[in-house]
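K.L.:
This is upload21.json, which holds JSON, C-alpha atoms and all ligand atoms:
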```json
[["chain", "number", "residue", "atom", "x", "y", "z"],
["A", 1, "MET", "CA", -149.18, -90.09, -198.62],
["A", 2, "SER", "CA", -146.50, -90.05, -195.94],
["A", 3, "PHE", "CA", -143.26, -88.15, -196.46],
["A", 4, "ALA", "CA", -143.15, -84.97, -194.39],
["A", 5, "HIS", "CA", -139.43, -84.29, -194.66],
["A", 6, "THR", "CA", -137.40, -81.25, -195.68],
["A", 7, "HIS", "CA", -134.17, -83.18, -196.31],
["A", 8, "LEU", "CA", -133.05, -86.75, -196.91],
["A", 9, "LEU", "CA", -130.08, -87.00, -194.56],
["A", 10, "GLY", "CA", -130.42, -90.63, -193.53],
["A", 11, "ILE", "CA", -132.76, -93.57, -193.11],
["A", 12, "GLU", "CA", -132.92, -93.02, -189.34],
["A", 13, "PRO", "CA", -135.68, -90.32, -189.43],
["A", 14, "LEU", "CA", -137.88, -92.21, -191.94],
["A", 15, "SER", "CA", -140.91, -94.23, -190.86],
["A", 16, "PRO", "CA", -141.90, -97.50, -192.55],
["A", 17, "ALA", "CA", -144.75, -95.54, -194.22],
["A", 18, "ASP", "CA", -142.25, -92.95, -195.57],
["A", 19, "ILE", "CA", -140.13, -95.76, -196.98],
["A", 20, "THR", "CA", -143.13, -97.40, -198.64],
["A", 21, "THR", "CA", -144.30, -94.08, -200.14],
["A", 22, "LEU", "CA", -140.86, -93.46, -201.61],
["A", 23, "LEU", "CA", -140.48, -96.99, -202.98],
["A", 24, "ASP", "CA", -143.95, -96.95, -204.54],
["A", 25, "LEU", "CA", -143.18, -93.73, -206.39],
["A", 26, "ALA", "CA", -139.74, -95.07, -207.37],
["A", 27, "GLY", "CA", -141.47, -98.16, -208.79],
["A", 28, "GLN", "CA", -143.43, -95.86, -211.11],
["A", 29, "TYR", "CA", -140.26, -94.07, -212.15],
["A", 30, "ALA", "CA", -138.60, -97.43, -212.82],
["A", 31, "GLU", "CA", -141.39, -98.23, -215.31],
["A", 32, "GLN", "CA", -140.98, -94.80, -216.88],
["A", 33, "GLY", "CA", -137.24, -95.44, -217.20],
["A", 34, "ARG", "CA", -137.95, -98.53, -219.30],
["A", 35, "SER", "CA", -140.39, -96.71, -221.59],
["A", 36, "ALA", "CA", -139.64, -94.66, -224.70],
["A", 37, "VAL", "CA", -140.35, -91.31, -223.02],
["A", 38, "LYS", "CA", -138.28, -91.07, -219.86],
["A", 39, "HIS", "CA", -138.99, -87.44, -219.05],
["A", 40, "SER", "CA", -141.48, -85.73, -216.83],
["A", 41, "ASP", "CA", -141.53, -82.22, -215.36],
["A", 42, "ALA", "CA", -141.70, -82.78, -211.59],
["A", 43, "LEU", "CA", -138.60, -80.62, -211.07],
["A", 44, "ALA", "CA", -139.19, -78.13, -213.89],
["A", 45, "GLY", "CA", -137.93, -74.67, -212.96],
["A", 46, "LEU", "CA", -135.84, -76.02, -210.06],
["A", 47, "THR", "CA", -132.06, -76.01, -209.76],
["A", 48, "GLN", "CA", -130.15, -79.06, -208.51],
["A", 49, "ILE", "CA", -126.50, -78.77, -207.51],
["A", 50, "ASN", "CA", -124.38, -81.89, -206.92],
["A", 51, "MET", "CA", -121.37, -81.42, -204.63],
["A", 52, "PHE", "CA", -119.18, -84.51, -204.36],
["A", 53, "PHE", "CA", -116.20, -84.10, -202.03],
["A", 54, "GLU", "CA", -115.38, -87.81, -202.48],
["A", 55, "ASN", "CA", -115.08, -89.86, -205.65],
["A", 56, "SER", "CA", -118.22, -91.36, -207.06],
["A", 57, "THR", "CA", -119.22, -93.03, -210.31],
["A", 58, "ARG", "CA", -122.68, -94.56, -209.93],
["A", 59, "THR", "CA", -124.17, -92.21, -207.36],
["A", 60, "GLN", "CA", -123.16, -88.98, -209.05],
["A", 61, "ALA", "CA", -124.21, -90.13, -212.53],
["A", 62, "SER", "CA", -127.44, -91.47, -211.13],
["A", 63, "PHE", "CA", -128.38, -88.22, -209.33],
["A", 64, "GLU", "CA", -127.49, -86.24, -212.44],
["A", 65, "LEU", "CA", -129.64, -88.39, -214.69],
["A", 66, "ALA", "CA", -132.49, -88.42, -212.17],
["A", 67, "GLY", "CA", -132.57, -84.61, -212.03],
["A", 68, "LYS", "CA", -132.41, -84.29, -215.81],
["A", 69, "ARG", "CA", -135.21, -86.81, -216.33],
["A", 70, "LEU", "CA", -137.38, -84.72, -214.03],
["A", 71, "GLY", "CA", -136.61, -81.48, -215.85],
["A", 72, "ALA", "CA", -134.37, -79.73, -213.30],
["A", 73, "ASP", "CA", -131.41, -77.53, -214.20],
["A", 74, "VAL", "CA", -128.57, -79.74, -212.96],
["A", 75, "MET", "CA", -125.03, -78.65, -212.18],
["A", 76, "SER", "CA", -122.31, -80.97, -210.88],
["A", 77, "MET", "CA", -119.42, -79.31, -209.07],
["A", 78, "GLY", "CA", -116.03, -81.00, -209.31],
["A", 79, "MET", "CA", -115.10, -80.42, -205.69],
["A", 80, "GLN", "CA", -111.57, -81.72, -206.21],
["A", 81, "ALA", "CA", -110.90, -78.63, -208.33],
["A", 82, "SER", "CA", -112.91, -76.26, -206.15],
["A", 83, "SER", "CA", -112.02, -73.54, -203.67],
["A", 84, "ILE", "CA", -111.91, -76.18, -200.93],
["A", 85, "LYS", "CA", -108.39, -76.87, -202.19],
["A", 86, "LYS", "CA", -107.62, -73.19, -201.61],
["A", 87, "GLY", "CA", -108.67, -73.44, -197.98],
["A", 88, "GLU", "CA", -112.34, -72.51, -198.11],
["A", 89, "THR", "CA", -114.43, -74.24, -195.44],
["A", 90, "LEU", "CA", -117.41, -76.45, -196.19],
["A", 91, "ILE", "CA", -119.76, -73.86, -194.73],
["A", 92, "ASP", "CA", -118.28, -71.02, -196.84],
["A", 93, "THR", "CA", -118.71, -73.14, -199.97],
["A", 94, "ALA", "CA", -122.27, -73.88, -198.94],
["A", 95, "MET", "CA", -123.03, -70.20, -198.35],
["A", 96, "THR", "CA", -121.63, -69.33, -201.79],
["A", 97, "LEU", "CA", -123.81, -71.97, -203.42],
["A", 98, "ASN", "CA", -126.80, -70.91, -201.35],
["A", 99, "ALA", "CA", -126.51, -67.43, -202.84],
["A", 100, "MET", "CA", -127.18, -69.03, -206.23],
["A", 101, "HIS", "CA", -130.58, -70.21, -204.93],
["A", 102, "PRO", "CA", -130.43, -73.94, -205.54],
["A", 103, "ASP", "CA", -133.56, -75.90, -204.68],
["A", 104, "LEU", "CA", -131.90, -79.28, -204.25],
["A", 105, "LEU", "CA", -128.38, -79.85, -203.00],
["A", 106, "VAL", "CA", -126.90, -83.35, -203.33],
["A", 107, "VAL", "CA", -123.81, -83.78, -201.15],
["A", 108, "ARG", "CA", -121.21, -86.50, -200.60],
["A", 109, "HIS", "CA", -118.55, -85.85, -197.99],
["A", 110, "PRO", "CA", -115.83, -87.97, -196.33],
["A", 111, "HIS", "CA", -116.82, -86.84, -192.82],
["A", 112, "SER", "CA", -119.76, -88.35, -190.95],
["A", 113, "GLY", "CA", -122.22, -85.60, -190.05],
["A", 114, "ALA", "CA", -120.91, -83.04, -192.57],
["A", 115, "VAL", "CA", -124.03, -83.19, -194.75],
["A", 116, "ASP", "CA", -126.29, -82.73, -191.73],
["A", 117, "LEU", "CA", -124.30, -79.67, -190.67],
["A", 118, "LEU", "CA", -124.54, -78.20, -194.14],
["A", 119, "SER", "CA", -128.30, -78.72, -194.26],
["A", 120, "GLN", "CA", -128.62, -76.38, -191.29],
["A", 121, "LYS", "CA", -126.91, -73.54, -193.19],
["A", 122, "VAL", "CA", -128.80, -73.52, -196.47],
["A", 123, "ASN", "CA", -132.42, -72.93, -197.40],
["A", 124, "CYS", "CA", -133.05, -75.72, -199.85],
["A", 125, "ALA", "CA", -133.61, -79.48, -199.71],
["A", 126, "VAL", "CA", -130.40, -81.41, -198.99],
["A", 127, "LEU", "CA", -129.87, -85.05, -200.00],
["A", 128, "ASN", "CA", -127.07, -87.07, -198.42],
["A", 129, "ALA", "CA", -125.18, -88.98, -201.12],
["A", 130, "GLY", "CA", -122.93, -90.60, -198.49],
["A", 131, "ASP", "CA", -121.20, -89.06, -195.44],
["A", 132, "GLY", "CA", -118.16, -90.88, -194.09],
["A", 133, "ARG", "CA", -119.15, -94.17, -192.53],
["A", 134, "HIS", "CA", -122.44, -92.74, -191.31],
["A", 135, "GLU", "CA", -125.29, -93.06, -193.88],
["A", 136, "HIS", "CA", -125.96, -93.50, -197.58],
["A", 137, "PRO", "CA", -129.77, -93.35, -197.62],
["A", 138, "THR", "CA", -130.42, -93.55, -201.36],
["A", 139, "GLN", "CA", -128.26, -96.68, -201.57],
["A", 140, "ALA", "CA", -130.33, -98.42, -198.89],
["A", 141, "LEU", "CA", -133.55, -97.32, -200.62],
["A", 142, "LEU", "CA", -132.42, -98.62, -204.00],
["A", 143, "ASP", "CA", -131.37, -101.87, -202.35],
["A", 144, "ALA", "CA", -134.81, -102.10, -200.73],
["A", 145, "LEU", "CA", -136.59, -101.53, -204.04],
["A", 146, "THR", "CA", -134.42, -104.16, -205.73],
["A", 147, "ILE", "CA", -135.19, -106.68, -202.97],
["A", 148, "ARG", "CA", -138.92, -105.87, -203.05],
["A", 149, "ARG", "CA", -139.06, -106.44, -206.82],
["A", 150, "ALA", "CA", -137.05, -109.67, -206.69],
["A", 151, "LYS", "CA", -138.75, -111.19, -203.64],
["A", 152, "GLY", "CA", -142.23, -109.67, -203.95],
["A", 153, "ARG", "CA", -142.03, -108.23, -200.42],
["A", 154, "LEU", "CA", -139.79, -106.28, -198.07],
["A", 155, "HIS", "CA", -140.56, -107.90, -194.73],
["A", 156, "ARG", "CA", -139.86, -111.21, -192.98],
["A", 157, "LEU", "CA", -136.84, -111.93, -195.15],
["A", 158, "ASN", "CA", -133.52, -113.34, -193.93],
["A", 159, "ILE", "CA", -130.82, -111.01, -195.17],
["A", 160, "ALA", "CA", -127.06, -111.46, -194.79],
["A", 161, "ILE", "CA", -124.85, -108.38, -195.08],
["A", 162, "CYS", "CA", -121.27, -109.56, -195.53],
["A", 163, "GLY", "CA", -117.76, -108.18, -195.34],
["A", 164, "ASP", "CA", -116.46, -104.82, -194.18],
["A", 165, "ILE", "CA", -119.36, -103.73, -191.98],
["A", 166, "ALA", "CA", -117.22, -101.49, -189.77],
["A", 167, "HIS", "CA", -116.34, -98.96, -192.48],
["A", 168, "SER", "CA", -119.54, -99.13, -194.49],
["A", 169, "ARG", "CA", -122.23, -96.46, -194.58],
["A", 170, "VAL", "CA", -124.11, -98.76, -196.96],
["A", 171, "ALA", "CA", -124.29, -101.44, -194.25],
["A", 172, "ARG", "CA", -125.41, -98.92, -191.64],
["A", 173, "SER", "CA", -128.24, -97.48, -193.74],
["A", 174, "ASN", "CA", -129.34, -100.96, -194.80],
["A", 175, "ILE", "CA", -129.35, -102.29, -191.24],
["A", 176, "ILE", "CA", -131.60, -99.41, -190.18],
["A", 177, "LEU", "CA", -133.95, -99.68, -193.17],
["A", 178, "LEU", "CA", -134.28, -103.46, -193.25],
["A", 179, "GLY", "CA", -134.76, -103.50, -189.47],
["A", 180, "LYS", "CA", -137.57, -100.92, -189.68],
["A", 181, "MET", "CA", -139.28, -103.13, -192.28],
["A", 182, "GLU", "CA", -139.07, -106.14, -189.93],
["A", 183, "ASN", "CA", -136.52, -108.37, -191.58],
["A", 184, "ARG", "CA", -134.01, -110.64, -189.86],
["A", 185, "ILE", "CA", -130.53, -109.30, -190.43],
["A", 186, "ARG", "CA", -127.31, -111.25, -190.14],
["A", 187, "LEU", "CA", -123.91, -109.60, -190.32],
["A", 188, "VAL", "CA", -121.15, -111.87, -191.58],
["A", 189, "GLY", "CA", -117.46, -111.00, -191.55],
["A", 190, "PRO", "CA", -114.21, -111.17, -189.60],
["A", 191, "PRO", "CA", -114.43, -109.75, -186.05],
["A", 192, "THR", "CA", -111.89, -107.08, -187.04],
["A", 193, "LEU", "CA", -114.43, -105.66, -189.51],
["A", 194, "MET", "CA", -117.41, -105.63, -187.12],
["A", 195, "PRO", "CA", -118.14, -102.28, -185.47],
["A", 196, "SER", "CA", -118.23, -102.25, -181.68],
["A", 197, "GLY", "CA", -121.71, -101.99, -180.17],
["A", 198, "ILE", "CA", -123.36, -103.40, -183.29],
["A", 199, "GLY", "CA", -125.33, -105.86, -181.13],
["A", 200, "GLU", "CA", -127.64, -102.97, -180.13],
["A", 201, "PHE", "CA", -129.08, -102.91, -183.63],
["A", 202, "GLY", "CA", -130.88, -106.24, -183.13],
["A", 203, "VAL", "CA", -128.77, -108.15, -185.64],
["A", 204, "GLU", "CA", -127.17, -111.61, -185.51],
["A", 205, "ILE", "CA", -123.40, -111.76, -185.95],
["A", 206, "TYR", "CA", -121.40, -114.53, -187.65],
["A", 207, "ASP", "CA", -117.76, -114.91, -188.56],
["A", 208, "SER", "CA", -118.31, -117.86, -190.88],
["A", 209, "MET", "CA", -120.02, -117.68, -194.27],
["A", 210, "ALA", "CA", -121.24, -121.30, -193.94],
["A", 211, "GLU", "CA", -123.26, -120.42, -190.83],
["A", 212, "GLY", "CA", -124.14, -116.85, -191.72],
["A", 213, "LEU", "CA", -125.53, -117.62, -195.17],
["A", 214, "LYS", "CA", -127.54, -120.65, -194.10],
["A", 215, "ASP", "CA", -131.03, -120.37, -195.65],
["A", 216, "VAL", "CA", -130.94, -116.63, -196.29],
["A", 217, "ASP", "CA", -133.06, -114.98, -199.02],
["A", 218, "VAL", "CA", -130.62, -112.18, -199.80],
["A", 219, "VAL", "CA", -126.80, -112.03, -199.77],
["A", 220, "MET", "CA", -125.50, -108.48, -199.78],
["A", 221, "MET", "CA", -121.75, -108.17, -200.28],
["A", 222, "LEU", "CA", -119.71, -105.08, -199.35],
["A", 223, "ARG", "CA", -116.48, -103.63, -200.67],
["A", 224, "LEU", "CA", -113.38, -103.64, -198.48],
["A", 225, "GLN", "CA", -113.19, -99.90, -197.72],
["A", 226, "ARG", "CA", -109.41, -99.55, -197.85],
["A", 227, "GLU", "CA", -109.59, -95.76, -197.82],
["A", 228, "ARG", "CA", -111.10, -95.86, -194.33],
["A", 229, "MET", "CA", -108.68, -98.46, -192.89],
["A", 230, "ASP", "CA", -105.68, -97.29, -190.95],
["A", 231, "GLY", "CA", -104.10, -100.63, -190.17],
["A", 232, "GLY", "CA", -104.06, -104.32, -190.98],
["A", 233, "PHE", "CA", -107.69, -105.37, -190.72],
["A", 234, "ILE", "CA", -107.27, -108.50, -192.85],
["A", 235, "PRO", "CA", -104.28, -110.85, -193.20],
["A", 236, "SER", "CA", -104.26, -110.67, -197.04],
["A", 237, "GLU", "CA", -106.76, -110.27, -199.88],
["A", 238, "ARG", "CA", -106.20, -113.91, -200.86],
["A", 239, "GLU", "CA", -106.98, -115.15, -197.41],
["A", 240, "TYR", "CA", -109.97, -112.82, -197.18],
["A", 241, "TYR", "CA", -111.39, -114.12, -200.46],
["A", 242, "HIS", "CA", -110.89, -117.67, -199.31],
["A", 243, "ARG", "CA", -112.88, -117.12, -196.11],
["A", 244, "TYR", "CA", -115.37, -114.36, -197.01],
["A", 245, "GLY", "CA", -115.38, -113.91, -200.79],
["A", 246, "LEU", "CA", -118.71, -114.95, -202.28],
["A", 247, "ASP", "CA", -118.50, -117.71, -204.89],
["A", 248, "ALA", "CA", -120.95, -120.38, -206.08],
["A", 249, "GLU", "CA", -119.79, -122.76, -203.37],
["A", 250, "LYS", "CA", -120.53, -120.40, -200.49],
["A", 251, "LEU", "CA", -123.76, -119.19, -202.13],
["A", 252, "ALA", "CA", -124.98, -122.80, -201.99],
["A", 253, "TYR", "CA", -125.47, -122.35, -198.19],
["A", 254, "ALA", "CA", -128.21, -119.79, -198.92],
["A", 255, "LYS", "CA", -131.72, -120.58, -200.20],
["A", 256, "PRO", "CA", -131.70, -121.89, -203.79],
["A", 257, "ASP", "CA", -133.42, -118.69, -204.99],
["A", 258, "ALA", "CA", -131.33, -116.29, -202.90],
["A", 259, "ILE", "CA", -130.28, -113.12, -204.73],
["A", 260, "VAL", "CA", -126.78, -111.63, -204.74],
["A", 261, "MET", "CA", -126.23, -107.89, -204.29],
["A", 262, "HIS", "CA", -123.27, -105.49, -204.24],
["A", 263, "PRO", "CA", -123.39, -101.68, -204.07],
["A", 264, "GLY", "CA", -120.31, -101.24, -206.23],
["A", 265, "PRO", "CA", -117.58, -100.53, -206.93],
["A", 266, "MET", "CA", -116.78, -104.26, -206.86],
["A", 267, "ASN", "CA", -113.40, -105.82, -206.28],
["A", 268, "ARG", "CA", -113.74, -109.00, -208.28],
["A", 269, "GLY", "CA", -111.78, -111.84, -206.74],
["A", 270, "VAL", "CA", -111.58, -110.02, -203.38],
["A", 271, "GLU", "CA", -115.14, -109.90, -202.05],
["A", 272, "ILE", "CA", -116.99, -111.58, -204.92],
["A", 273, "ASP", "CA", -116.30, -114.02, -207.74],
["A", 274, "GLY", "CA", -116.51, -112.19, -211.09],
["A", 275, "GLU", "CA", -118.55, -114.88, -212.80],
["A", 276, "LEU", "CA", -121.14, -114.96, -210.02],
["A", 277, "ALA", "CA", -121.42, -111.16, -210.08],
["A", 278, "ASP", "CA", -122.35, -111.37, -213.78],
["A", 279, "ASP", "CA", -124.71, -114.34, -213.45],
["A", 280, "LEU", "CA", -128.13, -112.81, -214.08],
["A", 281, "ARG", "CA", -129.91, -115.85, -212.62],
["A", 282, "ARG", "CA", -128.57, -114.93, -209.17],
["A", 283, "SER", "CA", -127.05, -111.46, -209.30],
["A", 284, "VAL", "CA", -129.24, -108.32, -209.21],
["A", 285, "ILE", "CA", -126.27, -105.95, -209.26],
["A", 286, "ARG", "CA", -127.30, -104.37, -212.57],
["A", 287, "GLU", "CA", -130.87, -103.98, -211.37],
["A", 288, "GLN", "CA", -129.51, -102.12, -208.32],
["A", 289, "VAL", "CA", -127.95, -99.53, -210.62],
["A", 290, "GLU", "CA", -131.20, -99.18, -212.57],
["A", 291, "MET", "CA", -133.25, -98.77, -209.38],
["A", 292, "GLY", "CA", -130.76, -96.14, -208.21],
["A", 293, "VAL", "CA", -131.99, -93.67, -210.81],
["A", 294, "ALA", "CA", -135.65, -94.39, -210.00],
["A", 295, "VAL", "CA", -135.15, -94.02, -206.23],
["A", 296, "ARG", "CA", -133.28, -90.73, -206.64],
["A", 297, "MET", "CA", -136.04, -89.40, -208.89],
["A", 298, "ALA", "CA", -138.62, -90.33, -206.25],
["A", 299, "ALA", "CA", -136.60, -88.79, -203.40],
["A", 300, "MET", "CA", -136.09, -85.50, -205.22],
["A", 301, "ASP", "CA", -139.71, -85.39, -206.39],
["A", 302, "LEU", "CA", -141.04, -85.85, -202.83],
["A", 303, "LEU", "CA", -138.66, -83.29, -201.34],
["A", 304, "ALA", "CA", -139.50, -80.81, -204.12],
["A", 305, "ARG", "CA", -143.23, -81.19, -203.39],
["A", 306, "ASN", "CA", -142.58, -80.36, -199.72],
["A", 307, "LEU", "CA", -140.31, -77.48, -200.66],
["A", 308, "ARG", "CA", -142.93, -75.98, -202.96],
["A", 309, "ALA", "CA", -145.63, -76.42, -200.34],
["A", 310, "ALA", "CA", -143.48, -74.74, -197.66],
["A", 311, "ARG", "CA", -142.69, -71.81, -199.95],
["A", 312, "ALA", "CA", -146.35, -71.38, -200.89],
["A", 313, "VAL", "CA", -147.22, -71.12, -197.20],
["A", 314, "LYS", "CA", -144.42, -68.66, -196.49],
["A", 315, "ARG", "CA", -145.07, -66.27, -199.36],
["A", 316, "PRO", "CA", -148.25, -64.50, -198.10],
["A", 317, "VAL", "CA", -146.65, -64.02, -194.67],
["A", 318, "MET", "CA", -143.70, -62.17, -196.24],
["A", 319, "ALA", "CA", -145.95, -59.99, -198.47],
["A", 401, "LIG", "N1", -120.52, -96.78, -203.39],
["A", 401, "LIG", "C1", -120.78, -97.08, -202.01],
["A", 401, "LIG", "C2", -120.45, -95.91, -201.11],
["A", 401, "LIG", "O1", -120.20, -94.82, -201.59],
["A", 401, "LIG", "C3", -120.12, -98.33, -201.58],
["A", 401, "LIG", "C4", -118.62, -98.36, -201.67],
["A", 401, "LIG", "O2", -117.98, -97.35, -201.97],
["A", 401, "LIG", "O3", -118.07, -99.41, -201.37],
["A", 401, "LIG", "O4", -120.45, -96.05, -199.91]]
```
Could you write out this file's structure as structure tokens?
P.N.:
Amino acid sequence: MSFAHTHLLGIEPLSPADITTLLDLAGQYAEQGRSAVKHSDALAGLTQINMFFENSTRTQASFELAGKRLGADVMSMGMQASSIKKGETLIDTAMTLNAMHPDLLVVRHPHSGAVDLLSQKVNCAVLNAGDGRHEHPTQALLDALTIRRAKGRLHRLNIAICGDIAHSRVARSNIILLGKMENRIRLVGPPTLMPSGIGEFGVEIYDSMAEGLKDVDVVMMLRLQRERMDGGFIPSEREYYHRYGLDAEKLAYAKPDAIVMHPGPMNRGVEIDGELADDLRRSVIREQVEMGVAVRMAAMDLLARNLRAARAVKRPVMA
């Protein structure tokens, strides 16, 4: 089994074997999630603290449920109401929490790199639940599991990632993961929403949906990340929908069995047609949410195994 990591800070440090190990275990947890008994005790006796410095619905709920299903003591901090508002720094907050001896710390932060920094100050496993526009590793892993289940494989697929690539940590983590697993990736969107230097990632770039979606197996839509835009990146939402919003007509450029994905939260009528998003023959958006719990269970289980092993090695030395 390959997964020799202390933290899950991004997809970048993972090997294809690490990704496969995690997805295989997540597949087992997905089955367990559909059965009558959803609990196991992989995290029994461990404490999981969730610190979300940015709003979250799916990710926070999903991490909470994942920890509870594995038997951890789970606490979610409402960081909006925390001492951060009174001027405490991220590191001071981390040190305070560290004194409570958590075993797993799940962190979302608006600044790229903040979660990495924090991981260097605490002595527990840290999971990145999204840092700025940098990475959102569990999202890319749940997307990968969803694709693998729908397509029967996770390699040699043509995958289009569409919309606001420039501001999206979801796009970044997916580009890295899907590239490592040897897929062909196309980025589709207006040039104003393409990050500079993206060509280095070995992707193809399109500014037309008709060309970008031609014969793809997977269409992954992204939200317009208004909170990270500081100017006029698009002429208007109407115009954007007309050119880049996914509807049945544009989906017809893709393969007839192409699946439709979206990480949520969705802006219906801006980046995706509401009816298409709900069409279970094409859309796997609900499955993505379900796989989110399974992937987070697998990630925390693997990190907890490494944490326990490291502590077992350390103990006799300290005695
Ligand atoms: N929920 C995802 C994220 O936190 C995608 C989004 O917000 O658009 O990055």
K.L.:
Kindly assemble as CSV a list of the region 214-239 of chain A residues that lie within 12 Å of region 283-293 of chain A, each paired with its nearest atom pair and their distance in Å to one decimal, using only C-alpha atoms, sorted first by chain and then by ascending residue number.
P.N.:
```
residue,atom,partner,partner_atom,distance
A:Val218,CA,A:Ser283,CA,10.2
A:Val219,CA,A:Ser283,CA,9.6
A:Met220,CA,A:Ile285,CA,9.8
A:Met221,CA,A:Ile285,CA,10.3
A:Leu222,CA,A:Ile285,CA,11.9
```
K.L.:
Could you give me the residues within 9 Å of ligand LIG 401 (chain A), counting only C-alpha atoms and all ligand atoms, as a list in words?
P.N.:
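Result of the 9 Å neighbour search around ligand LIG 401 (chain A): Glu54, Asn55, Ser56, Thr57, Arg58, Thr59, Arg108, Ala129, Gly130, Asp131, Gly132, Arg133, Glu135, His136, Gln139, His167, Ser168, Arg169, Val170, Ala171, Leu222, Arg223, Leu224, Gln225, His262, Pro263, Gly264, Pro265 and Met266 of chain A.
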K.L.:
Write to file, as a tab-separated table (two decimals), in the coordinates of the input, the residues of the selection just made, with C-alpha atoms.
P.N.:
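Result file follows (out_3.tsv):
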```
chain	number	residue	atom	x	y	z
A	54	GLU	CA	-115.38	-87.81	-202.48
A	55	ASN	CA	-115.08	-89.86	-205.65
A	56	SER	CA	-118.22	-91.36	-207.06
A	57	THR	CA	-119.22	-93.03	-210.31
A	58	ARG	CA	-122.68	-94.56	-209.93
A	59	THR	CA	-124.17	-92.21	-207.36
A	108	ARG	CA	-121.21	-86.50	-200.60
A	129	ALA	CA	-125.18	-88.98	-201.12
A	130	GLY	CA	-122.93	-90.60	-198.49
A	131	ASP	CA	-121.20	-89.06	-195.44
A	132	GLY	CA	-118.16	-90.88	-194.09
A	133	ARG	CA	-119.15	-94.17	-192.53
A	135	GLU	CA	-125.29	-93.06	-193.88
A	136	HIS	CA	-125.96	-93.50	-197.58
A	139	GLN	CA	-128.26	-96.68	-201.57
A	167	HIS	CA	-116.34	-98.96	-192.48
A	168	SER	CA	-119.54	-99.13	-194.49
A	169	ARG	CA	-122.23	-96.46	-194.58
A	170	VAL	CA	-124.11	-98.76	-196.96
A	171	ALA	CA	-124.29	-101.44	-194.25
A	222	LEU	CA	-119.71	-105.08	-199.35
A	223	ARG	CA	-116.48	-103.63	-200.67
A	224	LEU	CA	-113.38	-103.64	-198.48
A	225	GLN	CA	-113.19	-99.90	-197.72
A	262	HIS	CA	-123.27	-105.49	-204.24
A	263	PRO	CA	-123.39	-101.68	-204.07
A	264	GLY	CA	-120.31	-101.24	-206.23
A	265	PRO	CA	-117.58	-100.53	-206.93
A	266	MET	CA	-116.78	-104.26	-206.86
```
K.L.:
Nearest to Asn98 (chain A) among A:Ile49, A:Ile147, A:Ala294, A:Gly10, with distances taken over only C-alpha atoms: which residue is it?
P.N.:
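Closest to Asn98 (chain A), using only C-alpha atoms: A:Ile49.
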K.L.:
If we draw a sphere of 10 Å around (-123.2, -74.1, -197.9), which residues have at least one atom in it when counting only C-alpha atoms? Please report them as a PDB file with C-alpha atoms, in the coordinates of the input.
P.N.:
```
ATOM      1  CA  THR A  89    -114.430 -74.240-195.440  1.00  0.00           C
ATOM      2  CA  LEU A  90    -117.410 -76.450-196.190  1.00  0.00           C
ATOM      3  CA  ILE A  91    -119.760 -73.860-194.730  1.00  0.00           C
ATOM      4  CA  ASP A  92    -118.280 -71.020-196.840  1.00  0.00           C
ATOM      5  CA  THR A  93    -118.710 -73.140-199.970  1.00  0.00           C
ATOM      6  CA  ALA A  94    -122.270 -73.880-198.940  1.00  0.00           C
ATOM      7  CA  MET A  95    -123.030 -70.200-198.350  1.00  0.00           C
ATOM      8  CA  THR A  96    -121.630 -69.330-201.790  1.00  0.00           C
ATOM      9  CA  LEU A  97    -123.810 -71.970-203.420  1.00  0.00           C
ATOM     10  CA  ASN A  98    -126.800 -70.910-201.350  1.00  0.00           C
ATOM     11  CA  ALA A  99    -126.510 -67.430-202.840  1.00  0.00           C
ATOM     12  CA  LEU A 105    -128.380 -79.850-203.000  1.00  0.00           C
ATOM     13  CA  VAL A 115    -124.030 -83.190-194.750  1.00  0.00           C
ATOM     14  CA  LEU A 117    -124.300 -79.670-190.670  1.00  0.00           C
ATOM     15  CA  LEU A 118    -124.540 -78.200-194.140  1.00  0.00           C
ATOM     16  CA  SER A 119    -128.300 -78.720-194.260  1.00  0.00           C
ATOM     17  CA  GLN A 120    -128.620 -76.380-191.290  1.00  0.00           C
ATOM     18  CA  LYS A 121    -126.910 -73.540-193.190  1.00  0.00           C
ATOM     19  CA  VAL A 122    -128.800 -73.520-196.470  1.00  0.00           C
ATOM     20  CA  ASN A 123    -132.420 -72.930-197.400  1.00  0.00           C
TER      21      ASN A 123
END
```
K.L.:
Restricting the calculation to only C-alpha atoms, which member of A:Ala72, A:Ala125, A:Ala30, A:Leu246 is positioned closest to Asn306 (chain A)?
P.N.:
A:Ala125
K.L.:
With only C-alpha atoms as the basis for distance, which of A:Gly163, A:Ala310, A:Tyr206, A:Leu213 is at the shortest distance from Gly245 (chain A)?
P.N.:
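Ranked by minimum distance to Gly245 (chain A), first place goes to A:Gly163.
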K.L.:
When distances are computed from all atoms listed in the file, which of A:Pro16, A:Pro102, A:Gly67, A:Gly27 shows the smallest separation from Leu307 (chain A)?
P.N.:
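Among the listed residues, A:Pro102 lies closest to Leu307 (chain A).
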K.L.:
By how many Å are CA of Val107 (chain A) and CA of Ser62 (chain A) apart?
P.N.:
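These two atoms are separated by 13.1 Å.
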K.L.:
Can you tell me which residues surround Ser208 (chain A) at a distance of at most 8 Å, considering only C-alpha atoms, apart from same-chain residues fewer than 4 positions away, and format the answer as a PyMOL selection string?
P.N.:
chain A and resi 188-190+212+243-244
K.L.:
If I take CA of Met79 (chain A) and CA of His39 (chain A), how far is one from the other in Å, to one decimal?
P.N.:
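Result for CA of Met79 (chain A) versus CA of His39 (chain A): 28.3 Å, one decimal.
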K.L.:
Smallest atom-to-atom distance to Ser196 (chain A): which of A:Arg308, A:Ile165, A:Thr20, A:Asp247, using only C-alpha atoms?
P.N.:
A:Ile165
K.L.:
Just checking: using all atoms listed in the file, which residue out of A:Asn158, A:Ser40, A:Ser173, A:Asn183 ends up closest to Met297 (chain A)?
P.N.:
A:Ser40
